[in-house]
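Input: a single structure, listed below in structure tokens.
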Amino acid sequence: MKNRTLHNAFPIVAAAIGNRFGVKVRVGGDKAETDGQTIWLPAYEGDDPDYQNVAWGLLAHEAAHIRYSDFTLRFGHSVLRRRLCNAIEDVRIEHELAKDFPGTRLTIRTMIEKMIAKGDFLANSIDDHPANILYGFVLKYLRAKVLGQSALLPLVEQTEAALKAAFPKGAVTRLKGLLSEVPQGLQSESDCLQLTDRILTMIEDEFEQQRQRNQAQPSEDEENTPEPDEMEPDERLPNDTDENPSSESAGNDDSTPKNSDDEPATPSERSTSNPQGEDEENAEIADPMGVLQTLLSAGDSDIEQDVFESLQSALSLAAENVSELLMPSGLEPPMDERSGSFLLRKVQGESGKIRAALQGLVQSQTLNRSQHACRGRRLDGKRLHRLPLGETKLFQRKETKAAPNTAIHLLLDKSESMGYQVTDSQGQPMGSRMPIALEATLALALAFEGIPGVNPGVTAFPGHHEDSVFRLLEHGQRVNARTGAFSLAATGSTPMTEAIWFGAASLLGCREPRKVLMVITDGQPNESLSTLELLQRCRDSGIETVGVGLGLDVSHLFPIAITINDLSELRAQLFELSKSLLLAA
């Protein structure tokens with residue numbers, strides 16, 4: 001079931017989270033991915049909480065990468081080196097993100113718990129590739145220990161048992177010692193890579209020590225094993241015909257062949273051949289250098305898929321479930337301070353007149369006036385003489401009207417059609433719409449900024465491409481500091497639906513209870529039906545929509561609309577409109 005209002009709508013929440021983290025988020029298409037600068041989420045518009053929880057966890061994790069990771073770092077040809085470093089870096093950045101945004105710790109932990117419940121997060125076993133066992137232990141151990149993802153603890157125990165069985169004596173203890181440096185000892189991804197190299201060097205050292213132990217073992221056995229003629233009957237080595245293996249001398253255990261399938265195992269042998277859950281010092285590896293070569297030559301197919309890559313696949317949508325919606329990313333526009341200053345000087349006079357007219361309207365409508373009533377707490381002494389005449393309204397009351405408390409977001413259409421020539425009512429050419437649009441937008445932003453209780457914001461669409469917009473003025477910024485952004489050329493198509501998504505998300509992030517979306521356009525969006533549907537959803541969500549047509553009537557899109565041909569017409573048209581824009585009903 002689709003959410004027919006914009007409250008808690010998937011793209012709105014995604015944009016809000018992205019803004020909070022300070023990263024660019026786009027919603028559209030059927031895949032989840034990132035390029036190190038922008039995070040893409042699928043065009044999902046359902047209400048499944050499990051899907052949304054996974055999406056918010058992925059969004060938080062990828063935002064941490066964009067904020068804290070070094071995307072220029074190179075790992076060489078070793079797959080194991082890259083994957084181990086990524087596992088350590090993932091824990092470091094999520095720990096850093098939780099310092100600035102504590103709620104992300106719970107968001108990601110909830111996502112991990114859901115993955116475990118669905119069987120998407122599994123323990124490693126002795127049958128796995130050695131590189132996968134090592135990677136799986138580092139990943140799960142650090143997440144459980146550092147990030148508090150306690151649901152992983154049973155998987156950590158099972159994976160640690162496999163690690164002890166597959167790696168040399170002392171490796172797990174030394175590995176845990178190195179991992180204790182996470183996260184306090186790591187300040188960057190380069191530090192994570194250095195720690196990875198130390199882990200790999202330690203493991204190579206442990207395998208080399210295992211090889212040396214294996215080479216020394218046969219000579220020790222030869223020295224300690226007596227000749228057959230010198231052996232007492234009860235000192236014979238056990239064989240297939242032995243019926244009482246328990247009579248073996250404990251002192252001869254070292255000479256007993258290992259891994260013999262047909263002979264019974266003594267307690268000491270069982271501890272060596274079955275290391276699951278036993279102390280790591282009991283682990284022995286017959287071919288340590290062969291295992292080391294297998295470990296270091298691991299390929300991508302030998303190590304399980306990265307947990308967040310698997311999440312991206314899980315979030316992908318089938319074609320029939322993909323919505324047409326697209327939340328564009330907000331980009332910084334090209335700045336031209338000289339042109340912006342010239343435009344500011346040009347519109348200041350008219351903007352001042354608009355502001356003065358609007359301020360006068362606001363003041364007259366919000367002025368506290370005294371009224372008389374039959375009941376009250378304060379008598380009006382000037383009306384007491386009317387009491388013998390039957391006057392009953394002797395009490396004085398002050399009527400308080402609400403002052404403006406409104407967020408207004410202006411959407412400026414800068415599509416190619418805005419560069420077309422327009423004519424006046426007599427058919428005389430007046431130039432293109434784009435200069436008129438820029439003048440009207442800047443004049444309105446200045447006028448609204450000067451009215452107490454009004455919070456303006458301005459966005460131009462499209463940006464460099466249809467899936468982006470230009471953030472000319474964010475809510476809370478001063479217009480004078482952003483005039484260089486109001487120097488745009490008319491280019492591109494008219495992705496009005498996408499721009500409305502962005503403007504609505506900006507408004508829903510404002511504290512003002514009154515929210516108005518004003519679109520300045522020539523009235524020719526790419527997709528009229530989707531634009532009309534989204535505008536209705538805005539109104540259903542409490543966002544008032546207003547259209548300003550430049551040389552064209554836009555009432556087919558906006559129930560409340562005005563049309564202007566030049567800046568001088570804006571003040572007269574806007575004056576009557578402002579009663580509904582700025583004042584409480």
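To be explicit about the labels: the chains of the structure tokens are called A, B, and onward in the order shown, and within each one the residues are counted from 1, while ligands get numbers from 1 in the order they are shown.
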- Which residues, written as a ChimeraX atom specification, have at least one atom at most 9 Å from Ala373 of chain A, with only C-alpha atoms counted and residues fewer than 2 positions away on the same chain left out? /A:371,375-376,392-397
- Message: Applying 9 Å and only C-alpha atoms, which residues near segment 303-318 of chain A remain after dropping the ones on its own chain fewer than 2 positions away? List them as a ChimeraX atom specification.
- Response: /A:29-33,41-44,51,54-55,58,61-62,79-80,83,86-87,120-121,128-133,135-136,298-301,320-322
- Task: In Å, rounded to a single decimal, give me how far atom CA of Asn8 of chain A is from atom CA of Phe101 of chain A.
- Result: 19.8 Å
- Item | Residues within 12 Å of segment 337-350 of chain A, only C-alpha atoms, excluding chain neighbours under 3 positions, as a VMD selection string | chain A and resid 333 to 334 353 to 357 435 to 447 450 472 479 to 489 566 to 572
- Task: Write out as a list in words all residues of segment 1-37 of chain A that backbone DSSP assigns to strand (DSSP E or B).
- Result: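 Residues of segment 1-37 of chain A classed as strand (DSSP E or B): Lys24, Val25, Arg26, Val27, Glu33 and Thr34 of chain A.
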Just want the 9 Å neighbourhood of segment 94-96 of chain A, counted on only C-alpha atoms, with same-chain residues fewer than 2 positions away dropped. Output as a compact mmCIF listing (two decimals) with all heavy atoms, in the first residue's frame.
# COMPACT_ATOMS: atom_id res chain seq x y z
N ALA A 60 23.00 4.84 6.30
CA ALA A 60 23.90 5.29 7.36
C ALA A 60 25.32 4.80 7.12
O ALA A 60 26.29 5.55 7.28
CB ALA A 60 23.39 4.79 8.72
N HIS A 61 25.45 3.53 6.72
CA HIS A 61 26.79 2.97 6.49
C HIS A 61 27.49 3.68 5.33
O HIS A 61 28.67 4.06 5.44
CB HIS A 61 26.67 1.47 6.21
CG HIS A 61 27.97 0.82 5.87
ND1 HIS A 61 28.89 0.44 6.82
CD2 HIS A 61 28.53 0.51 4.66
CE1 HIS A 61 29.94 -0.09 6.23
NE2 HIS A 61 29.74 -0.06 4.92
N ALA A 64 28.66 7.07 6.21
CA ALA A 64 29.90 7.02 6.99
C ALA A 64 31.11 6.89 6.07
O ALA A 64 32.16 7.52 6.31
CB ALA A 64 29.85 5.84 7.97
N HIS A 65 30.99 6.10 5.01
CA HIS A 65 32.08 5.99 4.04
C HIS A 65 32.38 7.35 3.40
O HIS A 65 33.54 7.77 3.29
CB HIS A 65 31.73 4.98 2.95
CG HIS A 65 32.14 3.58 3.26
ND1 HIS A 65 33.44 3.22 3.54
CD2 HIS A 65 31.42 2.43 3.35
CE1 HIS A 65 33.50 1.92 3.77
NE2 HIS A 65 32.29 1.41 3.68
N TYR A 68 34.04 9.69 6.07
CA TYR A 68 35.29 9.37 6.76
C TYR A 68 36.29 8.55 5.95
O TYR A 68 37.46 8.50 6.33
CB TYR A 68 34.98 8.60 8.06
CG TYR A 68 33.97 9.26 8.96
CD1 TYR A 68 32.74 8.66 9.23
CD2 TYR A 68 34.23 10.50 9.54
CE1 TYR A 68 31.81 9.27 10.06
CE2 TYR A 68 33.30 11.11 10.36
CZ TYR A 68 32.09 10.49 10.62
OH TYR A 68 31.16 11.09 11.43
N GLU A 89 37.81 -1.12 8.34
CA GLU A 89 37.40 0.26 8.06
C GLU A 89 35.90 0.44 8.29
O GLU A 89 35.46 1.48 8.80
CB GLU A 89 37.76 0.61 6.62
CG GLU A 89 37.18 1.93 6.10
CD GLU A 89 37.77 3.17 6.74
OE1 GLU A 89 38.61 3.04 7.65
OE2 GLU A 89 37.40 4.28 6.33
N ASP A 90 35.09 -0.57 7.95
CA ASP A 90 33.65 -0.48 8.18
C ASP A 90 33.35 -0.25 9.66
O ASP A 90 32.48 0.56 10.01
CB ASP A 90 32.96 -1.76 7.71
CG ASP A 90 32.80 -1.82 6.21
OD1 ASP A 90 33.10 -0.82 5.53
OD2 ASP A 90 32.39 -2.88 5.70
N VAL A 91 34.05 -0.97 10.51
CA VAL A 91 33.82 -0.81 11.95
C VAL A 91 34.30 0.56 12.42
O VAL A 91 33.63 1.22 13.22
CB VAL A 91 34.54 -1.93 12.72
CG1 VAL A 91 34.47 -1.70 14.23
CG2 VAL A 91 33.93 -3.29 12.37
N ARG A 92 35.44 1.01 11.91
CA ARG A 92 35.97 2.32 12.32
C ARG A 92 35.00 3.45 11.96
O ARG A 92 34.69 4.32 12.80
CB ARG A 92 37.33 2.58 11.65
CG ARG A 92 37.99 3.89 12.09
CD ARG A 92 39.22 4.20 11.25
NE ARG A 92 38.86 4.67 9.93
CZ ARG A 92 38.56 5.94 9.62
NH1 ARG A 92 38.57 6.87 10.57
NH2 ARG A 92 38.25 6.28 8.38
N ALA A 98 28.66 7.10 14.83
CA ALA A 98 27.84 7.04 16.04
C ALA A 98 28.23 8.13 17.04
O ALA A 98 27.41 8.50 17.88
CB ALA A 98 27.98 5.66 16.69
N LYS A 99 29.44 8.66 16.95
CA LYS A 99 29.82 9.78 17.81
C LYS A 99 29.02 11.03 17.46
O LYS A 99 28.56 11.75 18.34
CB LYS A 99 31.32 10.08 17.66
CG LYS A 99 32.25 9.02 18.21
CD LYS A 99 33.70 9.45 17.99
CE LYS A 99 34.68 8.42 18.48
NZ LYS A 99 36.09 8.84 18.21
N ASP A 100 28.85 11.27 16.17
CA ASP A 100 28.12 12.46 15.71
C ASP A 100 26.61 12.21 15.66
O ASP A 100 25.82 13.14 15.89
CB ASP A 100 28.61 12.87 14.32
CG ASP A 100 30.07 13.28 14.31
OD1 ASP A 100 30.54 13.81 15.34
OD2 ASP A 100 30.75 13.06 13.29
N PHE A 101 26.22 10.96 15.36
CA PHE A 101 24.80 10.62 15.23
C PHE A 101 24.55 9.33 16.01
O PHE A 101 24.57 8.23 15.42
CB PHE A 101 24.42 10.46 13.76
CG PHE A 101 24.80 11.63 12.90
CD1 PHE A 101 25.96 11.59 12.14
CD2 PHE A 101 24.02 12.76 12.87
CE1 PHE A 101 26.33 12.66 11.34
CE2 PHE A 101 24.37 13.84 12.07
CZ PHE A 101 25.53 13.80 11.31
N THR A 104 22.49 6.11 14.88
CA THR A 104 22.89 5.19 13.81
C THR A 104 23.37 3.86 14.36
O THR A 104 23.30 2.84 13.66
CB THR A 104 24.01 5.81 12.96
OG1 THR A 104 25.14 6.13 13.79
CG2 THR A 104 23.53 7.08 12.29
N ARG A 105 23.86 3.84 15.59
CA ARG A 105 24.29 2.57 16.18
C ARG A 105 23.12 1.59 16.26
O ARG A 105 23.24 0.42 15.91
CB ARG A 105 24.90 2.81 17.56
CG ARG A 105 25.52 1.57 18.20
CD ARG A 105 26.10 1.91 19.56
NE ARG A 105 27.25 2.78 19.47
CZ ARG A 105 28.51 2.33 19.38
NH1 ARG A 105 28.74 1.03 19.37
NH2 ARG A 105 29.51 3.17 19.30
N ILE A 108 21.88 0.49 12.53
CA ILE A 108 22.68 -0.55 11.89
C ILE A 108 22.58 -1.86 12.66
O ILE A 108 22.54 -2.95 12.06
CB ILE A 108 24.14 -0.09 11.76
CG1 ILE A 108 24.22 1.17 10.86
CG2 ILE A 108 25.02 -1.20 11.19
CD1 ILE A 108 25.60 1.76 10.72
N VAL A 146 33.23 -4.10 19.22
CA VAL A 146 33.38 -2.64 19.14
C VAL A 146 32.04 -1.93 18.98
O VAL A 146 31.77 -0.91 19.62
CB VAL A 146 34.33 -2.25 17.98
CG1 VAL A 146 34.42 -0.74 17.85
CG2 VAL A 146 35.71 -2.86 18.19
N LEU A 147 31.16 -2.49 18.13
CA LEU A 147 29.90 -1.81 17.81
C LEU A 147 28.73 -2.32 18.64
O LEU A 147 27.62 -1.81 18.51
CB LEU A 147 29.58 -1.99 16.32
CG LEU A 147 30.63 -1.42 15.35
CD1 LEU A 147 30.22 -1.69 13.91
CD2 LEU A 147 30.84 0.07 15.57
N PRO A 183 38.70 0.61 17.92
CA PRO A 183 38.92 1.70 16.97
C PRO A 183 39.88 2.78 17.45
O PRO A 183 40.26 3.65 16.68
CB PRO A 183 37.52 2.29 16.82
CG PRO A 183 36.96 2.17 18.22
CD PRO A 183 37.54 0.89 18.80
- Item | Residue contacts of Met289 of chain A (10 Å, only C-alpha atoms) excluding same-chain residues fewer than 5 positions away, as an NGL selection string | :A and (204 or 207-208 or 210-211 or 294-295)
Take the residues just selected and output them with N, CA and C atoms as a compact mmCIF listing (two decimals), in the first residue's frame.
# COMPACT_ATOMS: atom_id res chain seq x y z
N GLU A 204 51.74 -14.90 8.52
CA GLU A 204 52.85 -15.53 7.80
C GLU A 204 53.90 -16.04 8.79
N PHE A 207 52.66 -19.26 10.43
CA PHE A 207 52.76 -20.42 9.54
C PHE A 207 54.22 -20.87 9.40
N GLU A 208 55.14 -19.93 9.36
CA GLU A 208 56.56 -20.28 9.28
C GLU A 208 57.00 -21.01 10.54
N GLN A 210 55.07 -22.79 12.39
CA GLN A 210 54.46 -24.12 12.31
C GLN A 210 55.28 -25.04 11.41
N ARG A 211 55.80 -24.51 10.29
CA ARG A 211 56.63 -25.32 9.40
C ARG A 211 57.89 -25.80 10.11
N THR A 294 47.48 -20.98 -0.08
CA THR A 294 46.04 -20.93 -0.39
C THR A 294 45.41 -19.66 0.19
N LEU A 295 45.82 -19.31 1.40
CA LEU A 295 45.28 -18.13 2.07
C LEU A 295 45.60 -16.86 1.31
- Query: Do you have the atom CA of Ile126 of chain A-atom CA of Glu160 of chain A distance handy?
  - Reply: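 Distance between the two atoms: 9.9 Å.
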- Message: Under the rule that only C-alpha atoms are counted, which of A:Ser329, A:Gln359, A:Thr491, A:Gln536 is the nearest residue to Phe470 of chain A?
- Response: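 Checking each of A:Ser329, A:Gln359, A:Thr491, A:Gln536 against Phe470 of chain A, counting only C-alpha atoms, the winner is A:Ser329.
Here atom CA of Thr406 of chain A is placed at a distance of 28.6 Å from atom CA of Met418 of chain A.
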- Item | Who sits within 12 Å of Ser417 of chain A, only C-alpha atoms, same chain under 4 positions skipped, as a VMD selection string | chain A and resid 413 421 to 422 432 to 434 489 to 494 521 to 526 550 to 552
Export of prior selection with N, CA, C and O atoms as an mmCIF file, in the first residue's frame:
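Saved file out_29.cif follows:
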data_model
loop_
_atom_site.group_PDB
_atom_site.id
_atom_site.type_symbol
_atom_site.label_atom_id
_atom_site.label_comp_id
_atom_site.auth_asym_id
_atom_site.auth_seq_id
_atom_site.Cartn_x
_atom_site.Cartn_y
_atom_site.Cartn_z
ATOM 1 N N ASP A 413 12.097 27.247 -12.519
ATOM 2 C CA ASP A 413 12.267 26.467 -13.744
ATOM 3 C C ASP A 413 13.323 27.160 -14.614
ATOM 4 O O ASP A 413 13.146 28.304 -15.028
ATOM 5 N N GLN A 421 11.567 33.372 -26.525
ATOM 6 C CA GLN A 421 11.116 34.764 -26.506
ATOM 7 C C GLN A 421 9.637 34.853 -26.141
ATOM 8 O O GLN A 421 8.839 33.977 -26.491
ATOM 9 N N VAL A 422 9.268 35.905 -25.403
ATOM 10 C CA VAL A 422 7.873 36.154 -25.051
ATOM 11 C C VAL A 422 7.486 37.543 -25.551
ATOM 12 O O VAL A 422 8.340 38.401 -25.801
ATOM 13 N N SER A 432 13.479 36.905 -23.448
ATOM 14 C CA SER A 432 13.194 35.545 -22.989
ATOM 15 C C SER A 432 12.632 35.556 -21.573
ATOM 16 O O SER A 432 12.691 36.556 -20.857
ATOM 17 N N ARG A 433 12.097 34.413 -21.162
ATOM 18 C CA ARG A 433 11.501 34.296 -19.836
ATOM 19 C C ARG A 433 12.561 34.209 -18.732
ATOM 20 O O ARG A 433 12.274 34.549 -17.585
ATOM 21 N N MET A 434 13.749 33.720 -19.054
ATOM 22 C CA MET A 434 14.721 33.429 -18.009
ATOM 23 C C MET A 434 15.119 34.663 -17.204
ATOM 24 O O MET A 434 15.145 34.607 -15.962
ATOM 25 N N ALA A 489 21.714 30.007 -16.737
ATOM 26 C CA ALA A 489 21.253 30.002 -18.122
ATOM 27 C C ALA A 489 20.132 28.979 -18.273
ATOM 28 O O ALA A 489 20.036 28.020 -17.500
ATOM 29 N N ALA A 490 19.285 29.175 -19.269
ATOM 30 C CA ALA A 490 18.175 28.262 -19.528
ATOM 31 C C ALA A 490 18.689 27.052 -20.301
ATOM 32 O O ALA A 490 19.033 27.153 -21.480
ATOM 33 N N THR A 491 18.753 25.905 -19.639
ATOM 34 C CA THR A 491 19.227 24.671 -20.266
ATOM 35 C C THR A 491 18.458 23.485 -19.703
ATOM 36 O O THR A 491 17.906 23.540 -18.605
ATOM 37 N N GLY A 492 18.439 22.391 -20.485
ATOM 38 C CA GLY A 492 17.847 21.153 -20.012
ATOM 39 C C GLY A 492 16.349 21.082 -20.221
ATOM 40 O O GLY A 492 15.720 21.986 -20.771
ATOM 41 N N SER A 493 15.778 19.965 -19.760
ATOM 42 C CA SER A 493 14.332 19.755 -19.867
ATOM 43 C C SER A 493 13.650 20.299 -18.606
ATOM 44 O O SER A 493 14.228 21.107 -17.882
ATOM 45 N N THR A 494 12.420 19.830 -18.345
ATOM 46 C CA THR A 494 11.647 20.359 -17.215
ATOM 47 C C THR A 494 11.227 19.222 -16.274
ATOM 48 O O THR A 494 10.056 18.822 -16.250
ATOM 49 N N THR A 521 7.423 29.040 -13.376
ATOM 50 C CA THR A 521 7.637 28.182 -14.532
ATOM 51 C C THR A 521 6.891 28.696 -15.746
ATOM 52 O O THR A 521 6.066 29.618 -15.649
ATOM 53 N N ASP A 522 7.191 28.067 -16.899
ATOM 54 C CA ASP A 522 6.417 28.358 -18.106
ATOM 55 C C ASP A 522 5.307 27.332 -18.291
ATOM 56 O O ASP A 522 4.599 27.349 -19.294
ATOM 57 N N GLY A 523 5.168 26.414 -17.310
ATOM 58 C CA GLY A 523 4.026 25.510 -17.284
ATOM 59 C C GLY A 523 4.092 24.322 -18.197
ATOM 60 O O GLY A 523 3.067 23.772 -18.570
ATOM 61 N N GLN A 524 5.299 23.856 -18.566
ATOM 62 C CA GLN A 524 5.423 22.718 -19.467
ATOM 63 C C GLN A 524 6.342 21.654 -18.850
ATOM 64 O O GLN A 524 7.492 21.500 -19.240
ATOM 65 N N PRO A 525 5.860 20.896 -17.848
ATOM 66 C CA PRO A 525 6.697 19.866 -17.220
ATOM 67 C C PRO A 525 6.891 18.667 -18.138
ATOM 68 O O PRO A 525 6.123 18.447 -19.078
ATOM 69 N N ASN A 526 7.929 17.873 -17.841
ATOM 70 C CA ASN A 526 8.173 16.659 -18.631
ATOM 71 C C ASN A 526 7.002 15.686 -18.530
ATOM 72 O O ASN A 526 6.579 15.108 -19.526
ATOM 73 N N LEU A 550 5.019 32.391 -16.211
ATOM 74 C CA LEU A 550 5.772 33.457 -16.876
ATOM 75 C C LEU A 550 5.301 33.544 -18.322
ATOM 76 O O LEU A 550 5.742 32.787 -19.195
ATOM 77 N N GLY A 551 4.387 34.447 -18.557
ATOM 78 C CA GLY A 551 3.848 34.617 -19.902
ATOM 79 C C GLY A 551 2.838 33.559 -20.281
ATOM 80 O O GLY A 551 2.295 33.589 -21.384
ATOM 81 N N LEU A 552 2.583 32.597 -19.396
ATOM 82 C CA LEU A 552 1.645 31.520 -19.676
ATOM 83 C C LEU A 552 0.774 31.268 -18.451
ATOM 84 O O LEU A 552 1.206 31.462 -17.320
#
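Ranking A:Leu473, A:Cys538, A:Leu142, A:Ala165 by their shortest atom-to-atom distance to Gly330 of chain A, with only C-alpha atoms included, puts A:Leu473 first.
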- When distances are computed from only C-alpha atoms, which of A:Pro513, A:Asp467, A:Phe21, A:Asp70 shows the smallest separation from Gln187 of chain A? A:Asp70
